[in-house]
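Take a look at the structure set out below.
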Amino acid sequence: RSTSSATSAPPPAAKPTPVAKPVTASVEATSIQWVIDWSAPVQELFRTFTDEARASAYTRAPAKIDAQPEGKFEFLGGAISGHYNEVVENKKLIMQWRLGSWPAGQHSSVVMDFVTEEHGRTRLNFAQAGIPSSDVERVKQGWTVNFFEPIKMMLGFQFTWVKQ
């Protein structure tokens, strides 16, 4: 005699597997604010961040720069990309900026205000908001190691941190 039955009870319901939340839902956005004095005329410092050949030279990697509203940019061979929201020559850059490792659609906002302090000196008021908290230190180091220090070394523009 068989103990199995064609009408046996269904197996116990499986426990639901937790659904992973999208990365962007749990990413805490943070910001950086710096004030940096540069020993460079405002037009030269502005050009340093908007000239493709110059940026390729000091970063030692291909750069693509279309410095106009909605123009796209790539630094460090595409490791950093985004587009410009506003470009006011020798005065202001506003960019939507992202690291290639960030989730699709994740951007931070970078604002650079260039202020002539005296002949041959420029104050850069720098702000970056919307950085995932896990990348704040990496982004801070990236600006210093890949941009500010190489600009100093290759172009001879000395800089002083006023607010870091």
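By convention here, the chains of the structure tokens are called A, B, ... in the order presented, each chain's residues are numbered starting at 1, and ligands are numbered starting at 1 in the order presented.
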Step one, run DSSP on the backbone; step two, keep only residues of chain A assigned to helix (DSSP H, G or I); then write them as a PyMOL selection string.
-> chain A and resi 23-25+42-50+52-59+76-78+133-155
All residues 7 Å or closer to A:Val42, only C-alpha atoms, same chain fewer than 5 positions away omitted, as a ChimeraX atom specification | /A:90,114,116,121-122
Save the residues we just selected, N, CA, C and O atoms, as a short mmCIF file (atom, residue, chain, number, x, y, z; two decimals), in the first residue's frame?
```cif
data_model
loop_
_atom_site.label_atom_id
_atom_site.label_comp_id
_atom_site.auth_asym_id
_atom_site.auth_seq_id
_atom_site.Cartn_x
_atom_site.Cartn_y
_atom_site.Cartn_z
N ASN A 90 35.64 83.19 -18.00
CA ASN A 90 36.50 83.79 -16.97
C ASN A 90 35.76 84.11 -15.67
O ASN A 90 36.31 84.79 -14.81
N PHE A 114 35.22 81.93 -10.50
CA PHE A 114 36.57 82.48 -10.66
C PHE A 114 36.51 83.98 -10.36
O PHE A 114 35.78 84.72 -11.01
N THR A 116 38.82 87.48 -9.74
CA THR A 116 40.12 88.15 -9.78
C THR A 116 40.37 88.82 -8.45
O THR A 116 39.57 89.63 -8.00
N ARG A 121 46.37 87.04 -9.88
CA ARG A 121 45.91 86.11 -8.83
C ARG A 121 44.42 85.91 -8.98
O ARG A 121 43.68 86.86 -9.23
N THR A 122 43.98 84.67 -8.75
CA THR A 122 42.56 84.32 -8.88
C THR A 122 42.12 83.50 -7.69
O THR A 122 42.81 82.57 -7.28
#
```
Would you kindly return, as a PyMOL selection string, each protein, DNA or RNA residue with an atom no farther than 7 Å from any atom of stretch 69-72 of chain A, considering only C-alpha atoms and excluding same-chain residues fewer than 5 positions away?
-> chain A and resi 82-87
With N, CA, C and O atoms retained, export the selected residues as a compact mmCIF listing (two decimals), in the first residue's frame.
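Done, and the output landed in again.txt:
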```txt
# COMPACT_ATOMS: atom_id res chain seq x y z
N GLY A 82 30.38 64.23 -17.98
CA GLY A 82 29.20 65.02 -17.66
C GLY A 82 28.95 66.07 -18.71
O GLY A 82 29.38 65.95 -19.86
N HIS A 83 28.24 67.12 -18.30
CA HIS A 83 27.95 68.21 -19.21
C HIS A 83 27.91 69.54 -18.45
O HIS A 83 27.77 69.56 -17.23
N TYR A 84 28.06 70.60 -19.22
CA TYR A 84 28.03 71.94 -18.65
C TYR A 84 26.59 72.45 -18.61
O TYR A 84 25.85 72.32 -19.58
N ASN A 85 26.19 73.04 -17.49
CA ASN A 85 24.90 73.72 -17.39
C ASN A 85 25.06 75.20 -17.72
O ASN A 85 24.18 75.79 -18.31
N GLU A 86 26.19 75.76 -17.27
CA GLU A 86 26.43 77.19 -17.47
C GLU A 86 27.92 77.42 -17.65
O GLU A 86 28.74 76.83 -16.94
N VAL A 87 28.26 78.28 -18.61
CA VAL A 87 29.64 78.66 -18.86
C VAL A 87 29.66 80.17 -19.05
O VAL A 87 29.08 80.68 -20.00
```
Using only C-alpha atoms, determine which residues lie at most 9 Å from stretch 124-130 of chain A, disregarding the query and same-chain residues fewer than 2 positions distant; provide the list as a list in words.
->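 Result of the neighbour search: Glu28, Ala29, Thr30, Ser31, Ile32, Gln33, Trp34, Val35, Ile36, Asp37, Trp38, Leu45, Trp97, Gln106, His107, Ser108, Ser109, Val110, Val111, Met112, Asp113, Phe114, Val115, Thr116, Thr122, Pro132 and Ser133 of chain A.
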Now that the selection is made, can you save its residues with N, CA and C atoms as a PDB file, in the first residue's frame?
```pdb
ATOM      1  N   GLU A  28      23.687  58.334   0.408  1.00  0.00           N
ATOM      2  CA  GLU A  28      23.615  59.646   1.049  1.00  0.00           C
ATOM      3  C   GLU A  28      24.506  60.599   0.258  1.00  0.00           C
ATOM      4  N   ALA A  29      23.927  61.664  -0.224  1.00  0.00           N
ATOM      5  CA  ALA A  29      24.697  62.627  -1.004  1.00  0.00           C
ATOM      6  C   ALA A  29      25.358  63.631  -0.074  1.00  0.00           C
ATOM      7  N   THR A  30      26.578  63.981  -0.385  1.00  0.00           N
ATOM      8  CA  THR A  30      27.322  64.929   0.426  1.00  0.00           C
ATOM      9  C   THR A  30      27.998  65.946  -0.481  1.00  0.00           C
ATOM     10  N   SER A  31      28.686  66.896   0.123  1.00  0.00           N
ATOM     11  CA  SER A  31      29.265  67.966  -0.685  1.00  0.00           C
ATOM     12  C   SER A  31      30.657  68.359  -0.205  1.00  0.00           C
ATOM     13  N   ILE A  32      31.314  69.128  -1.066  1.00  0.00           N
ATOM     14  CA  ILE A  32      32.642  69.684  -0.811  1.00  0.00           C
ATOM     15  C   ILE A  32      32.532  71.184  -1.055  1.00  0.00           C
ATOM     16  N   GLN A  33      33.176  71.974  -0.227  1.00  0.00           N
ATOM     17  CA  GLN A  33      33.284  73.408  -0.476  1.00  0.00           C
ATOM     18  C   GLN A  33      34.711  73.836  -0.156  1.00  0.00           C
ATOM     19  N   TRP A  34      35.343  74.425  -1.159  1.00  0.00           N
ATOM     20  CA  TRP A  34      36.712  74.886  -0.989  1.00  0.00           C
ATOM     21  C   TRP A  34      36.833  76.320  -1.489  1.00  0.00           C
ATOM     22  N   VAL A  35      37.802  77.019  -0.946  1.00  0.00           N
ATOM     23  CA  VAL A  35      38.234  78.306  -1.481  1.00  0.00           C
ATOM     24  C   VAL A  35      39.736  78.163  -1.684  1.00  0.00           C
ATOM     25  N   ILE A  36      40.178  78.424  -2.919  1.00  0.00           N
ATOM     26  CA  ILE A  36      41.584  78.221  -3.274  1.00  0.00           C
ATOM     27  C   ILE A  36      42.095  79.471  -3.983  1.00  0.00           C
ATOM     28  N   ASP A  37      43.207  80.006  -3.516  1.00  0.00           N
ATOM     29  CA  ASP A  37      43.846  81.127  -4.193  1.00  0.00           C
ATOM     30  C   ASP A  37      44.925  80.584  -5.124  1.00  0.00           C
ATOM     31  N   TRP A  38      44.889  81.034  -6.374  1.00  0.00           N
ATOM     32  CA  TRP A  38      45.830  80.601  -7.399  1.00  0.00           C
ATOM     33  C   TRP A  38      46.690  81.775  -7.852  1.00  0.00           C
ATOM     34  N   LEU A  45      43.563  80.561 -15.616  1.00  0.00           N
ATOM     35  CA  LEU A  45      43.011  79.502 -14.766  1.00  0.00           C
ATOM     36  C   LEU A  45      41.719  78.956 -15.364  1.00  0.00           C
ATOM     37  N   TRP A  97      28.479  66.446 -13.109  1.00  0.00           N
ATOM     38  CA  TRP A  97      29.757  65.730 -13.086  1.00  0.00           C
ATOM     39  C   TRP A  97      29.553  64.363 -12.469  1.00  0.00           C
ATOM     40  N   GLN A 106      23.461  58.885 -11.884  1.00  0.00           N
ATOM     41  CA  GLN A 106      23.967  59.586 -10.683  1.00  0.00           C
ATOM     42  C   GLN A 106      24.956  60.657 -11.121  1.00  0.00           C
ATOM     43  N   HIS A 107      24.656  61.893 -10.808  1.00  0.00           N
ATOM     44  CA  HIS A 107      25.546  63.023 -11.101  1.00  0.00           C
ATOM     45  C   HIS A 107      25.686  63.873  -9.848  1.00  0.00           C
ATOM     46  N   SER A 108      26.773  64.602  -9.785  1.00  0.00           N
ATOM     47  CA  SER A 108      26.919  65.636  -8.778  1.00  0.00           C
ATOM     48  C   SER A 108      26.967  66.962  -9.524  1.00  0.00           C
ATOM     49  N   SER A 109      26.790  68.026  -8.785  1.00  0.00           N
ATOM     50  CA  SER A 109      26.835  69.357  -9.383  1.00  0.00           C
ATOM     51  C   SER A 109      28.107  70.050  -8.931  1.00  0.00           C
ATOM     52  N   VAL A 110      28.889  70.528  -9.887  1.00  0.00           N
ATOM     53  CA  VAL A 110      30.128  71.254  -9.587  1.00  0.00           C
ATOM     54  C   VAL A 110      29.940  72.707 -10.000  1.00  0.00           C
ATOM     55  N   VAL A 111      30.258  73.611  -9.080  1.00  0.00           N
ATOM     56  CA  VAL A 111      30.223  75.039  -9.370  1.00  0.00           C
ATOM     57  C   VAL A 111      31.611  75.597  -9.089  1.00  0.00           C
ATOM     58  N   MET A 112      32.178  76.256 -10.103  1.00  0.00           N
ATOM     59  CA  MET A 112      33.465  76.929  -9.962  1.00  0.00           C
ATOM     60  C   MET A 112      33.253  78.403 -10.264  1.00  0.00           C
ATOM     61  N   ASP A 113      33.484  79.252  -9.257  1.00  0.00           N
ATOM     62  CA  ASP A 113      33.430  80.699  -9.443  1.00  0.00           C
ATOM     63  C   ASP A 113      34.864  81.219  -9.448  1.00  0.00           C
ATOM     64  N   PHE A 114      35.225  81.932 -10.498  1.00  0.00           N
ATOM     65  CA  PHE A 114      36.570  82.483 -10.662  1.00  0.00           C
ATOM     66  C   PHE A 114      36.510  83.978 -10.361  1.00  0.00           C
ATOM     67  N   VAL A 115      37.271  84.422  -9.358  1.00  0.00           N
ATOM     68  CA  VAL A 115      37.234  85.820  -8.930  1.00  0.00           C
ATOM     69  C   VAL A 115      38.654  86.387  -8.990  1.00  0.00           C
ATOM     70  N   THR A 116      38.821  87.484  -9.737  1.00  0.00           N
ATOM     71  CA  THR A 116      40.121  88.149  -9.783  1.00  0.00           C
ATOM     72  C   THR A 116      40.366  88.824  -8.448  1.00  0.00           C
ATOM     73  N   THR A 122      43.981  84.670  -8.748  1.00  0.00           N
ATOM     74  CA  THR A 122      42.564  84.322  -8.884  1.00  0.00           C
ATOM     75  C   THR A 122      42.118  83.502  -7.690  1.00  0.00           C
ATOM     76  N   PRO A 132      28.031  60.740  -3.681  1.00  0.00           N
ATOM     77  CA  PRO A 132      27.693  59.646  -2.768  1.00  0.00           C
ATOM     78  C   PRO A 132      28.668  59.635  -1.590  1.00  0.00           C
ATOM     79  N   SER A 133      28.154  59.450  -0.391  1.00  0.00           N
ATOM     80  CA  SER A 133      28.997  59.541   0.808  1.00  0.00           C
ATOM     81  C   SER A 133      30.175  58.577   0.758  1.00  0.00           C
TER      82      SER A 133
END
```
Minimum-distance residue to A:Val139, chosen among A:Asp51, A:Gly120, A:Arg98, A:Leu76 (using only C-alpha atoms) | A:Arg98
Using atom CA of A:Gly156 and atom CA of A:Arg54 as the two end points, give the distance in Å to one decimal.
->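 Result for atom CA of A:Gly156 versus atom CA of A:Arg54: 13.0 Å, one decimal.
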Would you give me, as number ranges by chain, the residues in stretch 3-163 of chain A that DSSP reads as strand (DSSP E)?
-> A: 29-38, 64-65, 72-75, 80-88, 92-99, 108-118, 121-132, 159-163
Could you tell me which of A:Ser81, A:Thr144, A:Thr50, A:Ser134 comes closest to A:Ala104 if we count only C-alpha atoms?
-> A:Ser81
For A:Thr59, the nearest of the candidates A:Trp102, A:Phe159, A:Phe73, A:Phe147, counting only C-alpha atoms | A:Phe147
Could you check which of A:Ile131, A:Glu137, A:Arg123, A:Glu149 is closest to A:Ser39, using only C-alpha atoms?
->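 Smallest distance to A:Ser39 is found for A:Arg123.
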9 Å contact set for A:Asn146, only C-alpha atoms, chain neighbours under 3 positions out, as a compact mmCIF listing (two decimals) with N, CA and C atoms, in the first residue's frame:
```
# COMPACT_ATOMS: atom_id res chain seq x y z
N TYR A 58 47.87 68.18 -18.55
CA TYR A 58 48.12 68.10 -17.11
C TYR A 58 47.53 66.88 -16.45
N THR A 59 46.48 66.28 -17.03
CA THR A 59 45.95 65.04 -16.44
C THR A 59 46.68 63.81 -16.99
N ARG A 60 47.46 64.00 -18.04
CA ARG A 60 48.20 62.91 -18.69
C ARG A 60 47.25 61.83 -19.21
N LEU A 76 40.25 62.31 -17.92
CA LEU A 76 40.92 61.06 -17.55
C LEU A 76 40.42 59.89 -18.40
N GLN A 141 40.32 63.61 -3.04
CA GLN A 141 41.69 63.25 -3.45
C GLN A 141 41.86 63.37 -4.95
N GLY A 142 40.83 62.96 -5.69
CA GLY A 142 40.88 63.03 -7.14
C GLY A 142 41.10 64.44 -7.66
N TRP A 143 40.38 65.41 -7.10
CA TRP A 143 40.58 66.79 -7.52
C TRP A 143 42.02 67.24 -7.25
N GLU A 149 47.20 69.55 -8.21
CA GLU A 149 48.66 69.34 -8.15
C GLU A 149 49.28 69.28 -9.55
N PRO A 150 48.69 68.55 -10.52
CA PRO A 150 49.27 68.56 -11.87
C PRO A 150 49.24 69.94 -12.53
N ILE A 151 48.20 70.74 -12.27
CA ILE A 151 48.16 72.11 -12.81
C ILE A 151 49.35 72.89 -12.24
```
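For the atom pair formed by atom CA of A:Leu155 and atom CA of A:Ala61, the distance is 16.0 Å, given to one decimal.
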